[in-house]
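A.B. asks: This is the structure I have questions about; it appears just below.
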There are 2 protein chains.
Amino acid sequence: MLKPDANRQVRAFAPATVANVAAAFDILGFALSNPGDEVIATLTDEPSVRLVSITGDEGALPLDPKRNTASAAIISLLEATGSDAGIDLELSKGLPLCSGLGSSAASSAAALTAVNALLGEPMTARELLPFAVAAEAVACGVGHADNAAPCLLGGCILVRSTDPLDVISLPVPEDLACVLVHPHCEVRTADARMVLRNQLTLTRAVEQWGNVAGLVAGLCLGDLELLGRSLSDVVIEPTRSILIPGFEQVKRAAMDGGALGCSISGSGPTLFALVAGDDRAEEIGHAMATAFLEIGLGSDVFTSMVGTSGAHIVEDGR
Amino acid sequence: MLKPDANRQVRAFAPATVANVAAAFDILGFALSNPGDEVIATLTDEPSVRLVSITGDEGALPLDPKRNTASAAIISLLEATGSDAGIDLELSKGLPLCSGLGSSAASSAAALTAVNALLGEPMTARELLPFAVAAEAVACGVGHADNAAPCLLGGCILVRSTDPLDVISLPVPEDLACVLVHPHCEVRTADARMVLRNQLTLTRAVEQWGNVAGLVAGLCLGDLELLGRSLSDVVIEPTRSILIPGFEQVKRAAMDGGALGCSISGSGPTLFALVAGDDRAEEIGHAMATAFLEIGLGSDVFTSMVGTSGAHIVEDGR
């Protein structure tokens, strides 16, 4: 490993990601261009990892390095590489917490990308992935890859298997856009996991994996109509949607506006809608926000093309 | 519709198909080049559908037109098209019954293809599909499309949904070969359905649809290694394999021989193995047959490229 320069500073951005893409629960996620988190990482002479500041979280996140995904990822990265580098991290949260937008994965992906650059890029993004996955356990209790992988690698990622980790980049149709609507209410990931049924019927499972197959084929073949028909979740959405006020009305607003499909992003409460071309995305986002407003909920709307480049360096103060 | 010529005769062939491709239970099937069934259809002056002969079934199949998939499909085709044509069918079974090779679908696909030609091709293969699916209910009690669709259309077919019927042709990697080993024992489709568990855990379901997604992506992207890793069935194979003597040994023989994967074809007892390139296919088939023989079971071995052209006219005696 190169001997890094003390006081060198790198700033990295990592975007929102949509996981649990309708039927593809736990196995598929894609990156967007915004919103996202930023991390400024600075080399220091102290042989420790410090989380010196967090902004944008309204004081909700702990500064204890072991309890934040950004710093936890860096601690295990340095351990694994045998580095005695000292790192200060400044985390700027652009992603709302507990929103279903992969907030914890974005923090660790931004930190890993920045620190990897500081250390002279000893690792590829794929090699960084296990550290981001392990850090997810800090936030969620479980080390999932379906946000971490698209966040670090960009694009649309199939997580075929978690153990062993097997992630595959899928093609993304050029004109596929995404609308995110984040209502101002909170669904804790733990609650969202708790409402899941542990058992399902074989009939429902077959229906679900028919749609998983259709979704993957739609992406690979660039067939947006097939993709739209396949955006149906008969297993997870029926139970999780009860935690999101106005879910049915907002989904209907998206579909009436011409979305290919609409479902829950991650474990919610954000809803995502996929749209052919970005010219209608804003209009659909507006219709969805209006539907939330009709039941008294404010929301933030973001639009982006699907499958953007993932975590990247914004500024390298070498 | 053209007025058909009495006594005109058409002979059609329809191939074996592999359905329940590992994790893709009930939603994926592909056509092979052999073995298969043949049907000779002859126009007559009698306004009725007759099944005048069946060979190759050792007397097992009924000549009652309503109880055989070949003639049952034609009866509903003529009803739907309002035709008063008289048709005689001669069915030559090249596919063993209850073998897991789509024998009933091959009979109806051959009959539909022959009679459609006799009638002046009023329908496309896709338009014939509902009649083949409905005829499956005669043999299986349920109108599945995962054998009927690849048998009629050729290639590798995703059945995303049965109601409404939504079938999608998937790309097939050029050098993908298949070995079929049909042991001389019988598994009744009804028994194979009976051993299925009606419930599964969400954890298993997620594992399964990760492999479904990997399988579809492997086919679409021409990634044979991914396809091989994805040929894993944690839901159906563990229970159905107990009905097939020697299953573990035969599967191990295929994998040791270098197969990409090996699982149960349809509801068994035939095993299929997928192989990169056809040059090793025969050798792998021989190893699998030897493994069956070691527990005292004879078998038939067939090799073919995957995703061939499906049902087609062999002879048109216009």
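Identifiers in the structure tokens: chain A, B, ... in order shown; residue index from 1 per chain; ligand index from 1 in order shown.
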Determine which residues of chain A sit within 10 Å of chain B, taking into account only C-alpha atoms, and present them as a PDB file with C-alpha atoms, in the first residue's frame.
C.D. replies:
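For reference, part.pdb as written:
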ATOM      1  CA  ALA A  23     -41.235  -8.615  -6.572  1.00  0.00           C
ATOM      2  CA  ALA A  24     -37.435  -8.616  -6.368  1.00  0.00           C
ATOM      3  CA  PHE A  25     -37.372  -8.394  -2.575  1.00  0.00           C
ATOM      4  CA  ASP A  26     -33.859  -8.569  -1.116  1.00  0.00           C
ATOM      5  CA  ILE A  27     -32.187  -9.304  -4.476  1.00  0.00           C
ATOM      6  CA  LEU A  28     -32.266  -6.200  -6.687  1.00  0.00           C
ATOM      7  CA  LEU A 158     -28.767  -8.311  -8.903  1.00  0.00           C
ATOM      8  CA  VAL A 159     -27.736  -9.825  -5.570  1.00  0.00           C
ATOM      9  CA  ARG A 160     -28.161 -13.469  -6.558  1.00  0.00           C
ATOM     10  CA  SER A 161     -26.798 -14.693  -3.268  1.00  0.00           C
ATOM     11  CA  THR A 162     -25.595 -13.071  -0.052  1.00  0.00           C
ATOM     12  CA  ASP A 166     -22.688 -12.868  -5.755  1.00  0.00           C
ATOM     13  CA  VAL A 167     -23.593  -9.539  -7.361  1.00  0.00           C
ATOM     14  CA  ILE A 168     -24.284  -9.090 -11.068  1.00  0.00           C
ATOM     15  CA  SER A 169     -24.576  -5.802 -12.977  1.00  0.00           C
ATOM     16  CA  LEU A 170     -27.695  -5.860 -15.109  1.00  0.00           C
ATOM     17  CA  PRO A 171     -28.213  -3.693 -18.185  1.00  0.00           C
ATOM     18  CA  LEU A 196     -43.424  -9.503   6.951  1.00  0.00           C
ATOM     19  CA  ARG A 197     -44.940 -12.957   7.057  1.00  0.00           C
ATOM     20  CA  ASN A 198     -42.323 -15.664   7.508  1.00  0.00           C
ATOM     21  CA  GLN A 199     -44.266 -18.146   5.415  1.00  0.00           C
ATOM     22  CA  LEU A 200     -45.887 -17.901   2.030  1.00  0.00           C
ATOM     23  CA  THR A 201     -47.793 -20.284  -0.193  1.00  0.00           C
ATOM     24  CA  LEU A 202     -46.057 -21.934  -3.131  1.00  0.00           C
ATOM     25  CA  THR A 203     -48.703 -20.413  -5.413  1.00  0.00           C
ATOM     26  CA  ARG A 204     -47.811 -16.886  -4.304  1.00  0.00           C
ATOM     27  CA  ALA A 205     -44.090 -17.656  -4.515  1.00  0.00           C
ATOM     28  CA  VAL A 206     -44.476 -18.864  -8.115  1.00  0.00           C
ATOM     29  CA  GLU A 207     -46.433 -15.719  -8.999  1.00  0.00           C
ATOM     30  CA  GLN A 208     -43.667 -13.641  -7.408  1.00  0.00           C
ATOM     31  CA  TRP A 209     -40.769 -15.348  -9.163  1.00  0.00           C
ATOM     32  CA  GLY A 210     -42.615 -15.095 -12.492  1.00  0.00           C
ATOM     33  CA  ASN A 211     -42.526 -11.341 -11.938  1.00  0.00           C
ATOM     34  CA  VAL A 212     -38.889 -11.427 -10.774  1.00  0.00           C
ATOM     35  CA  ALA A 213     -38.022 -13.227 -14.006  1.00  0.00           C
ATOM     36  CA  GLY A 214     -40.068 -10.747 -16.050  1.00  0.00           C
ATOM     37  CA  LEU A 215     -38.369  -7.798 -14.358  1.00  0.00           C
ATOM     38  CA  VAL A 216     -34.877  -9.129 -15.036  1.00  0.00           C
ATOM     39  CA  ALA A 217     -35.790 -10.032 -18.631  1.00  0.00           C
ATOM     40  CA  GLY A 218     -37.343  -6.590 -19.115  1.00  0.00           C
ATOM     41  CA  LEU A 219     -34.131  -4.914 -17.953  1.00  0.00           C
ATOM     42  CA  CYS A 220     -31.841  -7.186 -19.978  1.00  0.00           C
ATOM     43  CA  LEU A 221     -33.911  -7.006 -23.169  1.00  0.00           C
ATOM     44  CA  LEU A 226     -42.527  -6.252 -19.963  1.00  0.00           C
ATOM     45  CA  ARG A 229     -46.139  -5.716 -16.369  1.00  0.00           C
ATOM     46  CA  SER A 230     -43.613  -7.361 -14.046  1.00  0.00           C
ATOM     47  CA  VAL A 235     -45.801 -11.014  -1.215  1.00  0.00           C
ATOM     48  CA  ILE A 236     -44.220  -7.993   0.502  1.00  0.00           C
TER      49      ILE A 236
END
A.B. asks: Quick one: everything within 12 Å of Pro62 in chain A, counting only C-alpha atoms, minus sequence neighbours fewer than 4 positions away in the same chain. Send it as number ranges by chain.
C.D. replies: A: 50-55, 57-58, 66-72, 91, 138-139
A.B. asks: Quick one: residues within 7 Å of range 257-260 of chain A, only C-alpha atoms counted, chain neighbours fewer than 3 positions away excluded, as a count of residues only?
C.D. replies: 8
A.B. asks: Find the residues near Phe13 in chain A: any atom within 10 Å, counting only C-alpha atoms, skip ones fewer than 5 places away on the same chain, and give them as a PyMOL selection string.
C.D. replies: chain A and resi 33-40+92+94+106-107+109-111+113-114+151+310-315
A.B. asks: Please run DSSP on the backbone and report, as a PyMOL selection string, all residues within range 159-291 of chain A that come out as helix (DSSP H, G or I).
C.D. replies: chain A and resi 189-194+202-221+224-230+237-243+247-256+281-291
A.B. asks: So how far away is CA of Val250 in chain A from CA of Ala291 in chain A, in Å?
C.D. replies: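 Taking CA of Ala291 in chain A as the start and CA of Val250 in chain A as the end point, the length is 5.2 Å.
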A.B. asks: Quick one: pull the distance between CA of Leu224 in chain A and CA of Leu180 in chain A, Å, one decimal.
C.D. replies: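 Answer for the CA of Leu224 in chain A to CA of Leu180 in chain A separation: 18.6 Å.
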A.B. asks: DSSP says strand (DSSP E or B) for which residues of range 145-222 of chain B? Put them as a PyMOL selection string?
C.D. replies: chain B and resi 156-162+165-170+176-183+199-201
A.B. asks: Go ahead and write the selection's residues with C-alpha atoms as a tab-separated table (two decimals), in the first residue's frame.
C.D. replies:
chain	number	residue	atom	x	y	z
B	156	CYS	CA	-36.64	-20.81	-24.20
B	157	ILE	CA	-39.88	-19.36	-22.87
B	158	LEU	CA	-40.65	-17.47	-19.70
B	159	VAL	CA	-44.25	-17.91	-18.57
B	160	ARG	CA	-44.47	-14.75	-16.47
B	161	SER	CA	-48.12	-15.28	-15.74
B	162	THR	CA	-50.70	-17.95	-16.57
B	165	LEU	CA	-51.23	-15.82	-20.22
B	166	ASP	CA	-47.99	-13.86	-20.69
B	167	VAL	CA	-45.17	-15.73	-22.42
B	168	ILE	CA	-41.83	-14.16	-23.33
B	169	SER	CA	-39.14	-15.62	-25.62
B	170	LEU	CA	-35.77	-15.38	-23.89
B	176	LEU	CA	-25.85	-24.25	-24.64
B	177	ALA	CA	-26.48	-27.99	-24.87
B	178	CYS	CA	-28.72	-30.25	-22.84
B	179	VAL	CA	-28.47	-33.88	-21.79
B	180	LEU	CA	-31.64	-35.75	-20.90
B	181	VAL	CA	-31.43	-39.02	-19.03
B	182	HIS	CA	-34.73	-40.83	-18.68
B	183	PRO	CA	-34.55	-43.70	-16.20
B	199	GLN	CA	-45.89	-23.44	2.18
B	200	LEU	CA	-42.33	-22.21	2.19
B	201	THR	CA	-40.36	-19.76	4.29
